[in-house]
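Structure below is input-v8.cif: mmCIF, C-alpha atoms.
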data_target
loop_
_atom_site.label_atom_id
_atom_site.label_comp_id
_atom_site.auth_asym_id
_atom_site.auth_seq_id
_atom_site.Cartn_x
_atom_site.Cartn_y
_atom_site.Cartn_z
CA MET K 26 19.34 4.39 -19.06
CA GLN K 27 22.07 5.86 -16.89
CA MET K 28 21.96 5.16 -13.16
CA ALA K 29 22.68 8.82 -12.57
CA ASP K 30 19.22 9.58 -13.97
CA LEU K 31 17.44 7.93 -11.08
CA LYS K 32 15.57 10.18 -8.66
CA ARG K 33 14.91 7.28 -6.27
CA GLY K 34 17.45 4.63 -7.12
CA ILE K 35 17.66 2.85 -3.77
CA ILE K 36 14.69 0.49 -3.86
CA ALA K 37 13.88 -1.47 -0.69
CA VAL K 38 11.29 -4.19 -1.20
CA GLY K 39 9.32 -5.99 1.53
CA ARG K 40 6.96 -8.74 0.45
CA GLU K 41 4.54 -11.43 1.49
CA TYR K 42 5.67 -15.05 1.19
CA GLY K 43 4.79 -16.35 -2.28
CA SER K 44 3.72 -12.89 -3.48
CA GLY K 45 6.21 -12.82 -6.34
CA GLY K 46 7.80 -9.76 -4.75
CA ARG K 47 11.27 -11.07 -5.40
CA PHE K 48 10.51 -11.49 -9.11
CA ILE K 49 9.12 -7.96 -9.33
CA ALA K 50 12.17 -6.61 -7.50
CA ARG K 51 14.56 -8.50 -9.77
CA ARG K 52 12.71 -7.38 -12.89
CA ALA K 53 12.80 -3.75 -11.74
CA ALA K 54 16.56 -4.05 -11.11
CA GLU K 55 16.96 -5.50 -14.60
CA LEU K 56 14.92 -2.72 -16.22
CA LEU K 57 16.91 -0.07 -14.36
CA GLY K 58 20.26 -1.81 -14.84
CA VAL K 59 21.12 -1.74 -11.13
CA PRO K 60 22.34 -4.49 -8.77
CA PHE K 61 19.85 -6.78 -7.05
CA TYR K 62 20.44 -8.07 -3.50
CA ASP K 63 18.46 -10.77 -1.75
CA ARG K 64 19.80 -13.87 0.03
CA GLU K 65 23.30 -12.78 -0.85
CA LEU K 66 22.91 -10.46 2.11
CA ILE K 67 22.89 -13.43 4.45
CA THR K 68 26.20 -14.65 3.12
CA MET K 69 27.73 -11.20 3.20
CA ALA K 70 26.51 -10.64 6.73
CA ALA K 71 27.93 -14.00 7.70
CA GLU K 72 31.32 -13.11 6.31
CA ARG K 73 31.40 -9.82 8.13
CA THR K 74 30.40 -11.10 11.54
CA GLY K 75 32.21 -14.39 11.43
CA LEU K 76 28.91 -16.13 12.20
CA SER K 77 27.87 -19.08 10.09
CA PRO K 78 25.23 -18.64 7.38
CA GLU K 79 23.20 -21.27 9.24
CA PHE K 80 23.33 -19.26 12.48
CA ILE K 81 22.19 -16.14 10.64
CA LYS K 82 19.39 -17.92 8.86
CA ASN K 83 18.11 -19.35 12.14
CA ALA K 84 18.35 -15.99 13.89
CA GLU K 85 16.38 -14.32 11.09
CA GLU K 86 13.69 -16.94 11.36
CA ASN K 87 13.66 -16.39 15.10
CA ARG K 88 14.53 -20.01 15.73
CA SER K 89 17.19 -19.26 18.32
CA SER K 90 16.49 -21.87 20.99
CA ALA K 91 18.08 -21.83 24.42
CA PHE K 92 20.26 -24.64 23.13
CA MET K 93 21.55 -22.53 20.22
CA TYR K 94 21.62 -19.38 22.25
CA GLY K 95 23.76 -20.72 25.09
CA PRO K 96 27.19 -20.91 23.49
CA TYR K 97 27.03 -17.30 22.23
CA PHE K 98 25.44 -15.49 25.14
CA THR K 99 27.82 -14.10 27.71
CA GLY K 100 25.63 -11.59 29.48
CA THR K 101 27.13 -8.60 27.68
CA GLU K 102 26.56 -9.86 24.15
CA LEU K 103 23.42 -9.01 22.19
CA PRO K 104 21.00 -11.83 21.37
CA PRO K 105 21.77 -13.52 18.01
CA GLN K 106 18.80 -11.93 16.21
CA ASP K 107 19.96 -8.45 17.23
CA GLN K 108 23.56 -9.15 16.23
CA VAL K 109 22.37 -10.29 12.83
CA PHE K 110 20.06 -7.28 12.41
CA ILE K 111 22.90 -4.87 13.15
CA ALA K 112 25.34 -6.69 10.88
CA GLN K 113 22.84 -6.75 8.00
CA SER K 114 21.89 -3.11 8.54
CA LYS K 115 25.53 -2.12 8.16
CA ILE K 116 25.77 -4.07 4.92
CA ILE K 117 22.53 -2.58 3.61
CA LYS K 118 23.82 0.94 4.31
CA LYS K 119 27.12 0.13 2.61
CA LEU K 120 25.39 -1.24 -0.49
CA ALA K 121 23.10 1.79 -0.64
CA SER K 122 26.08 4.13 -0.32
CA GLU K 123 27.65 2.53 -3.39
CA GLY K 124 24.82 3.62 -5.68
CA PRO K 125 21.38 2.65 -6.99
CA CYS K 126 20.28 -0.93 -6.21
CA VAL K 127 17.30 -3.08 -5.32
CA ILE K 128 17.34 -4.76 -1.88
CA VAL K 129 14.75 -7.36 -0.88
CA GLY K 130 13.67 -7.89 2.73
CA ARG K 131 15.77 -7.39 5.86
CA CYS K 132 13.81 -4.23 6.83
CA ALA K 133 15.95 -2.33 4.30
CA ASP K 134 13.20 0.30 3.96
CA TYR K 135 13.53 1.07 7.65
CA VAL K 136 17.31 0.85 7.78
CA LEU K 137 17.56 3.38 4.92
CA ARG K 138 14.65 5.64 5.93
CA GLY K 139 15.07 9.35 5.45
CA ARG K 140 17.25 9.10 2.34
CA ASP K 141 16.02 11.14 -0.60
CA ALA K 142 16.97 8.40 -3.03
CA LEU K 143 14.95 5.73 -1.18
CA LEU K 144 11.85 4.13 -2.68
CA SER K 145 10.30 1.80 -0.10
CA VAL K 146 8.04 -0.89 -1.50
CA PHE K 147 5.76 -3.67 -0.28
CA ILE K 148 4.45 -6.43 -2.55
CA HIS K 149 1.46 -8.62 -1.76
CA ALA K 150 -0.82 -10.99 -3.68
CA PRO K 151 -4.23 -12.64 -3.43
CA ALA K 152 -4.20 -15.91 -1.44
CA GLU K 153 -4.83 -18.15 -4.46
CA GLN K 154 -1.82 -16.73 -6.28
CA LYS K 155 0.42 -17.10 -3.24
CA ILE K 156 -0.69 -20.72 -2.88
CA ALA K 157 0.12 -21.47 -6.54
CA ARG K 158 3.51 -19.76 -6.27
CA ALA K 159 4.40 -21.51 -3.00
CA ARG K 160 3.71 -24.85 -4.70
CA GLU K 161 5.63 -23.98 -7.87
CA PHE K 162 8.69 -22.23 -6.46
CA TYR K 163 9.01 -23.41 -2.87
CA GLY K 164 7.69 -26.95 -3.27
CA LEU K 165 5.00 -26.62 -0.60
CA GLN K 166 2.65 -29.58 -0.61
CA GLY K 167 -0.85 -30.21 0.72
CA ASP K 168 -4.32 -28.93 -0.03
CA ASP K 169 -5.04 -25.21 -0.41
CA ARG K 170 -5.89 -24.76 3.22
CA GLU K 171 -2.69 -26.43 4.41
CA VAL K 172 -0.48 -24.49 2.03
CA LEU K 173 -2.15 -21.23 3.05
CA SER K 174 -1.55 -22.05 6.72
CA ILE K 175 2.16 -22.40 6.07
CA ILE K 176 2.26 -19.19 4.02
CA THR K 177 0.41 -17.39 6.81
CA LYS K 178 2.90 -18.69 9.35
CA TYR K 179 5.83 -17.34 7.31
CA ASP K 180 4.10 -13.99 6.82
CA LYS K 181 3.46 -13.73 10.55
CA LYS K 182 7.18 -14.27 11.14
CA ARG K 183 8.07 -11.57 8.64
CA ALA K 184 5.55 -9.22 10.24
CA ALA K 185 6.86 -9.97 13.73
CA TYR K 186 10.46 -9.40 12.62
CA TYR K 187 9.59 -6.11 10.91
CA ASN K 188 7.35 -4.84 13.71
CA GLU K 189 9.97 -5.71 16.31
CA PHE K 190 12.83 -3.88 14.63
CA THR K 191 11.02 -0.89 13.12
CA MET K 192 8.53 1.71 14.27
CA SER K 193 6.25 0.94 11.33
CA ARG K 194 3.68 -1.78 10.69
CA TRP K 195 4.43 -4.52 8.15
CA GLY K 196 1.88 -4.53 5.32
CA ASP K 197 0.29 -1.20 6.24
CA ALA K 198 0.21 1.14 3.24
CA ARG K 199 1.48 3.99 5.38
CA SER K 200 4.74 2.18 6.16
CA TYR K 201 5.88 2.36 2.51
CA ASP K 202 6.18 4.82 -0.37
CA VAL K 203 4.35 2.38 -2.60
CA THR K 204 2.68 -1.02 -2.30
CA ILE K 205 1.59 -3.16 -5.24
CA SER K 206 -0.39 -6.34 -5.70
CA SER K 207 1.46 -8.75 -7.96
CA ALA K 208 -1.98 -9.65 -9.32
CA LEU K 209 -1.34 -6.69 -11.65
CA GLY K 210 1.41 -8.77 -13.23
CA ILE K 211 5.13 -9.01 -12.52
CA ASP K 212 6.03 -6.87 -15.50
CA ASP K 213 3.41 -4.16 -14.97
CA ALA K 214 4.35 -3.90 -11.29
CA ALA K 215 8.07 -3.70 -12.14
CA HIS K 216 7.42 -0.96 -14.69
CA ALA K 217 5.43 1.09 -12.17
CA LEU K 218 8.37 0.86 -9.78
CA THR K 219 10.84 1.94 -12.46
CA GLU K 220 8.60 4.92 -13.27
CA LEU K 221 8.71 5.98 -9.63
CA ALA K 222 12.45 5.34 -9.43
CA LYS K 223 13.03 7.54 -12.48
CA GLY K 224 10.63 10.23 -11.32
CA SER K 225 9.59 13.35 -13.11
CA ALA K 226 13.14 14.34 -14.05
CA ASP K 227 13.04 11.60 -16.64
CA ARG K 228 9.91 12.79 -18.45
CA MET E 12 -4.11 8.20 -25.86
CA GLN E 13 -7.30 6.35 -26.64
CA MET E 14 -9.43 5.20 -23.73
CA ALA E 15 -9.79 1.85 -25.47
CA ASP E 16 -6.07 1.29 -24.83
CA LEU E 17 -6.53 1.08 -21.08
CA LYS E 18 -6.04 -2.30 -19.45
CA ARG E 19 -7.31 -1.01 -16.10
CA GLY E 20 -9.31 2.09 -16.87
CA ILE E 21 -11.67 2.10 -13.87
CA ILE E 22 -9.59 3.72 -11.15
CA ALA E 23 -11.04 3.81 -7.63
CA VAL E 24 -9.10 6.01 -5.23
CA GLY E 25 -9.34 5.96 -1.42
CA ARG E 26 -7.26 8.51 0.47
CA GLU E 27 -6.32 9.96 3.81
CA TYR E 28 -7.64 13.43 4.67
CA GLY E 29 -5.18 16.04 3.43
CA SER E 30 -3.07 13.44 1.61
CA GLY E 31 -3.46 15.10 -1.77
CA GLY E 32 -5.15 11.94 -3.04
CA ARG E 33 -7.79 13.94 -4.84
CA PHE E 34 -5.14 15.93 -6.72
CA ILE E 35 -3.32 12.76 -7.73
CA ALA E 36 -6.61 11.19 -8.85
CA ARG E 37 -7.55 14.28 -10.85
CA ARG E 38 -4.11 14.49 -12.45
CA ALA E 39 -4.27 10.80 -13.41
CA ALA E 40 -7.71 11.36 -14.98
CA GLU E 41 -6.30 14.33 -16.89
CA LEU E 42 -3.28 12.34 -18.15
CA LEU E 43 -5.52 9.48 -19.26
CA GLY E 44 -8.22 11.74 -20.66
CA VAL E 45 -11.01 10.09 -18.67
CA PRO E 46 -13.78 11.56 -16.48
CA PHE E 47 -13.11 12.35 -12.82
CA TYR E 48 -15.80 11.90 -10.15
CA ASP E 49 -15.65 13.11 -6.57
CA ARG E 50 -18.22 15.13 -4.64
CA GLU E 51 -20.39 15.19 -7.73
CA LEU E 52 -21.40 11.71 -6.59
CA ILE E 53 -23.19 13.20 -3.62
CA THR E 54 -25.29 15.40 -5.83
CA MET E 55 -26.01 12.60 -8.27
CA ALA E 56 -26.96 10.27 -5.44
CA ALA E 57 -29.19 12.95 -4.02
CA GLU E 58 -31.01 13.38 -7.30
CA ARG E 59 -31.56 9.67 -7.67
CA THR E 60 -32.90 9.04 -4.19
CA GLY E 61 -34.85 12.21 -3.74
CA LEU E 62 -32.86 12.84 -0.53
CA SER E 63 -31.34 16.24 0.03
CA PRO E 64 -27.57 16.72 -0.50
CA GLU E 65 -27.43 17.80 3.15
CA PHE E 66 -29.05 14.56 4.31
CA ILE E 67 -26.58 12.53 2.26
CA LYS E 68 -23.59 14.47 3.49
CA ASN E 69 -24.66 13.95 7.10
CA ALA E 70 -25.31 10.24 6.55
CA GLU E 71 -21.84 9.82 5.04
CA GLU E 72 -20.26 11.54 7.98
CA ASN E 73 -22.29 9.28 10.26
CA ARG E 74 -23.97 12.25 11.88
CA SER E 75 -27.47 10.81 11.72
CA SER E 76 -28.92 11.73 15.11
CA ALA E 77 -32.15 10.30 16.45
CA PHE E 78 -33.68 13.68 15.64
CA MET E 79 -32.68 13.43 11.97
CA TYR E 80 -33.37 9.78 11.80
CA GLY E 81 -36.93 9.96 13.05
CA PRO E 82 -38.76 11.41 10.06
CA TYR E 83 -37.32 8.82 7.66
CA PHE E 84 -37.39 5.67 9.71
CA THR E 85 -40.58 3.61 9.46
CA GLY E 86 -39.36 0.27 10.79
CA THR E 87 -39.03 -1.29 7.35
CA GLU E 88 -36.75 1.35 5.89
CA LEU E 89 -32.95 1.05 5.97
CA PRO E 90 -30.99 3.52 8.11
CA PRO E 91 -29.98 6.68 6.20
CA GLN E 92 -26.31 5.69 5.92
CA ASP E 93 -27.25 2.38 4.32
CA GLN E 94 -29.71 4.02 1.93
CA VAL E 95 -27.01 6.44 0.86
CA PHE E 96 -24.42 3.67 0.47
CA ILE E 97 -26.72 1.67 -1.78
CA ALA E 98 -27.71 4.71 -3.85
CA GLN E 99 -24.07 5.73 -4.34
CA SER E 100 -23.01 2.17 -5.14
CA LYS E 101 -25.58 2.06 -7.94
CA ILE E 102 -24.26 5.31 -9.35
CA ILE E 103 -20.65 4.12 -9.10
CA LYS E 104 -21.54 0.94 -11.00
CA LYS E 105 -23.36 2.95 -13.64
CA LEU E 106 -20.43 5.34 -14.12
CA ALA E 107 -18.00 2.41 -14.35
CA SER E 108 -20.21 0.69 -16.92
CA GLU E 109 -20.01 3.78 -19.14
CA GLY E 110 -16.24 3.45 -19.59
CA PRO E 111 -12.89 4.37 -18.07
CA CYS E 112 -13.00 6.95 -15.25
CA VAL E 113 -11.44 7.93 -11.93
CA ILE E 114 -13.69 7.78 -8.85
CA VAL E 115 -12.58 9.15 -5.48
CA GLY E 116 -13.83 7.75 -2.18
CA ARG E 117 -17.23 6.17 -1.48
CA CYS E 118 -15.70 2.67 -1.19
CA ALA E 119 -15.69 2.53 -5.01
CA ASP E 120 -12.86 -0.02 -4.92
CA TYR E 121 -15.09 -2.37 -2.98
CA VAL E 122 -18.24 -1.64 -4.93
CA LEU E 123 -16.43 -2.46 -8.19
CA ARG E 124 -14.29 -5.35 -6.92
CA GLY E 125 -13.76 -8.30 -9.23
CA ARG E 126 -13.81 -6.26 -12.45
CA ASP E 127 -10.81 -6.87 -14.69
CA ALA E 128 -10.63 -3.18 -15.59
CA LEU E 129 -10.48 -2.04 -11.95
CA LEU E 130 -7.38 -0.44 -10.46
CA SER E 131 -7.96 0.13 -6.74
CA VAL E 132 -5.77 2.77 -5.14
CA PHE E 133 -5.05 4.24 -1.72
CA ILE E 134 -3.16 7.50 -1.21
CA HIS E 135 -1.53 8.54 2.05
CA ALA E 136 1.00 11.16 3.15
CA PRO E 137 3.35 11.93 6.03
CA ALA E 138 1.69 13.83 8.88
CA GLU E 139 3.56 17.11 8.26
CA GLN E 140 2.38 17.21 4.65
CA LYS E 141 -1.22 16.46 5.61
CA ILE E 142 -1.10 19.25 8.19
CA ALA E 143 0.20 21.74 5.60
CA ARG E 144 -2.42 20.66 3.06
CA ALA E 145 -5.27 20.78 5.57
CA ARG E 146 -4.28 24.37 6.38
CA GLU E 147 -3.90 25.42 2.76
CA PHE E 148 -6.89 23.73 1.14
CA TYR E 149 -9.37 23.12 3.93
CA GLY E 150 -8.64 26.16 6.08
CA LEU E 151 -7.94 24.20 9.26
CA GLN E 152 -6.51 26.42 11.98
CA GLY E 153 -4.53 25.77 15.15
CA ASP E 154 -1.09 24.47 16.02
CA ASP E 155 0.29 21.30 14.42
CA ARG E 156 -1.03 19.06 17.14
CA GLU E 157 -4.53 20.48 16.93
CA VAL E 158 -4.67 20.25 13.15
CA LEU E 159 -3.37 16.68 13.25
CA SER E 160 -6.08 15.77 15.79
CA ILE E 161 -8.75 16.96 13.41
CA ILE E 162 -7.15 15.14 10.46
CA THR E 163 -6.96 11.97 12.55
CA LYS E 164 -10.62 12.31 13.46
CA TYR E 165 -11.62 12.57 9.79
CA ASP E 166 -9.40 9.61 8.87
CA LYS E 167 -10.96 7.54 11.63
CA LYS E 168 -14.38 8.32 10.18
CA ARG E 169 -13.26 7.27 6.72
CA ALA E 170 -11.75 4.09 8.13
CA ALA E 171 -14.91 3.32 10.11
CA TYR E 172 -17.11 3.91 7.04
CA TYR E 173 -14.91 1.72 4.84
CA ASN E 174 -14.46 -1.05 7.40
CA GLU E 175 -18.20 -1.09 8.10
CA PHE E 176 -19.29 -1.46 4.48
CA THR E 177 -16.48 -3.63 3.08
CA MET E 178 -14.70 -6.83 4.06
CA SER E 179 -11.31 -5.13 3.71
CA ARG E 180 -9.31 -2.87 6.00
CA TRP E 181 -8.91 0.81 5.15
CA GLY E 182 -5.25 1.75 4.68
CA ASP E 183 -3.95 -1.83 4.63
CA ALA E 184 -1.80 -2.47 1.56
CA ARG E 185 -3.59 -5.75 0.93
CA SER E 186 -6.96 -4.03 0.47
CA TYR E 187 -5.78 -2.28 -2.73
CA ASP E 188 -4.01 -3.03 -6.01
CA VAL E 189 -1.66 -0.14 -5.33
CA THR E 190 -1.01 2.40 -2.59
CA ILE E 191 1.21 5.47 -2.96
CA SER E 192 2.56 8.12 -0.65
CA SER E 193 1.95 11.56 -2.10
CA ALA E 194 5.36 12.45 -0.65
CA LEU E 195 6.64 11.08 -3.98
CA GLY E 196 4.98 14.07 -5.63
CA ILE E 197 1.54 14.53 -7.14
CA ASP E 198 2.84 14.20 -10.67
CA ASP E 199 5.08 11.18 -10.09
CA ALA E 200 2.28 9.39 -8.26
CA ALA E 201 -0.20 10.20 -11.03
CA HIS E 202 2.21 8.91 -13.68
CA ALA E 203 2.72 5.63 -11.80
CA LEU E 204 -1.07 5.18 -11.75
CA THR E 205 -1.38 5.89 -15.46
CA GLU E 206 1.38 3.31 -16.14
CA LEU E 207 -0.61 0.70 -14.23
CA ALA E 208 -3.85 1.77 -15.93
CA LYS E 209 -2.25 1.38 -19.34
CA GLY E 210 -0.53 -1.88 -18.46
CA SER E 211 1.87 -3.90 -20.55
CA ALA E 212 -0.32 -3.72 -23.66
CA ASP E 213 0.83 -0.15 -24.07
CA ARG E 214 4.56 -0.83 -24.07
#
What is this structure when it is put down as structure tokens?
Amino acid sequence: MQMADLKRGIIAVGREYGSGGRFIARRAAELLGVPFYDRELITMAAERTGLSPEFIKNAEENRSSAFMYGPYFTGTELPPQDQVFIAQSKIIKKLASEGPCVIVGRCADYVLRGRDALLSVFIHAPAEQKIARAREFYGLQGDDREVLSIITKYDKKRAAYYNEFTMSRWGDARSYDVTISSALGIDDAAHALTELAKGSADR
Amino acid sequence: MQMADLKRGIIAVGREYGSGGRFIARRAAELLGVPFYDRELITMAAERTGLSPEFIKNAEENRSSAFMYGPYFTGTELPPQDQVFIAQSKIIKKLASEGPCVIVGRCADYVLRGRDALLSVFIHAPAEQKIARAREFYGLQGDDREVLSIITKYDKKRAAYYNEFTMSRWGDARSYDVTISSALGIDDAAHALTELAKGSADR
């Protein structure tokens, strides 16, 4: 398949923690033959701003304490989280301008809103599947209730980050072109996304 | 395509007022060659319960006034809205047991939850498209703001009905297997649903 065939080739994927959203996004990128961007964004943003990857990671997770904040804040400078958001938004726009791609997280759907080629996506999963995935891929330990508490905490952070920087609501169907439960299967979900990316021109 | 091929052939579609959800649902049914059920449910429910179609329509729209309520309420009888919900749920289960089909509204996703063959769907649309559709297909008149007020009122009723009878939240991505904006196009949206209905077995 040629990338030029894609009606909506810029795919921005938000996802719950442990939902398998990253796997679906990567599989869709693979099926479409387009680049896939996830944590690499952090590194790229770091390079551009001169901030350390650690600083960026902490800012994204909203862990900027007064202690961390102090050395950077001069009164005219933006808070670290805002600096990072702006730096990443620039990178997201640059990547999108280079052609079709799949971008996970970082409010990419919002940053790229209004573009004809955008397909904004949200992936979620039933609690029991998120718990299993958090154990398998992120090494979370504890009983189901404990693991779910940690997952919920991470999701609340993602929601807070998204709701703070966008005018949409994280996880609400109406904030995205399409949302899918990964309970349908990684491969089935990825194929549905590629269908929407290709659009009617391809049939 | 044979109906027996479908991995998720019971498609339950919730939708915003004026979202075009009914058109997408009907198109998906057409593409899959399965029956499509919408308002017919009201009539079927009416026949089964002995209640008039008018009574059912009013109960669904939560317009049961004390005046209407009086003649039916004996102290042991359920309120009209609950009677109608139960009658329609029975019909939905019966239709689903007969084979693949597309059912619009009536909390069918909730009524049929837990079935392997279920694909639960929510369709929404940007405000300007809902306004245009409400004018074209439902004859709503007035300026944009007035039409949107009426649409919002209907959506609030649908949300209240759904949230009252289910343990999920209307319009939240996590309440459905898949949600789609009809801004992607009726045909593209319908094709994505048929992909998910067919599932990987078909590839």
When you look at K:Ile156 with a cut-off of 8 Å (counting only C-alpha atoms), what residues show up, excluding the ones that are within fewer than 6 positions of it in the same chain? I need them as a ChimeraX atom specification.
/K:43,169,172-173,176
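The nearest approach to chain E among the residues K:Lys182, K:Lys32, K:His149, K:Arg160, with all atoms listed in the file taken into account, belongs to K:His149.
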Which chain K residues are at most 12 Å from chain E (counting only C-alpha atoms), as a PyMOL selection string?
chain K and resi 32-33+39-41+44+139+141-152+194-228
Residues matched by the PyMOL selection byres ((chain E and resi 99) around 8) as a PyMOL selection string:
chain E and resi 52-53+56+95-98+100-103+117
Write to file, as a short mmCIF file (atom, residue, chain, number, x, y, z; two decimals), in the coordinates of the input, the residues of the selection just made, with C-alpha atoms.
data_model
loop_
_atom_site.label_atom_id
_atom_site.label_comp_id
_atom_site.auth_asym_id
_atom_site.auth_seq_id
_atom_site.Cartn_x
_atom_site.Cartn_y
_atom_site.Cartn_z
CA LEU E 52 -21.40 11.71 -6.59
CA ILE E 53 -23.19 13.20 -3.62
CA ALA E 56 -26.96 10.27 -5.44
CA VAL E 95 -27.01 6.44 0.86
CA PHE E 96 -24.42 3.67 0.47
CA ILE E 97 -26.72 1.67 -1.78
CA ALA E 98 -27.71 4.71 -3.85
CA SER E 100 -23.01 2.17 -5.14
CA LYS E 101 -25.58 2.06 -7.94
CA ILE E 102 -24.26 5.31 -9.35
CA ILE E 103 -20.65 4.12 -9.10
CA ARG E 117 -17.23 6.17 -1.48
#
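Distances from K:Pro125, K:Gly46, K:Ile81, K:Asp30 to K:Pro60 were compared using all atoms listed in the file, and the smallest one belongs to K:Pro125.
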Given the file shown, enumerate the residues that the PyMOL selection byres ((chain E and resi 50) around 12) captures and present them as a ChimeraX atom specification.
/E:33,47-49,51-57,64,67-68,71,99,114-117
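Across the structure, atom CA of K:Ala121 and atom CA of K:Ile35 are spaced 6.4 Å apart.
Using all atoms listed in the file for every distance, the candidate list K:Glu171, K:Phe162, K:Ala157, K:Cys132 yields K:Cys132 as the residue closest to K:Tyr187.
Atom pair atom CA of K:Met192 / atom CA of K:Asp180: separated by 17.9 Å.
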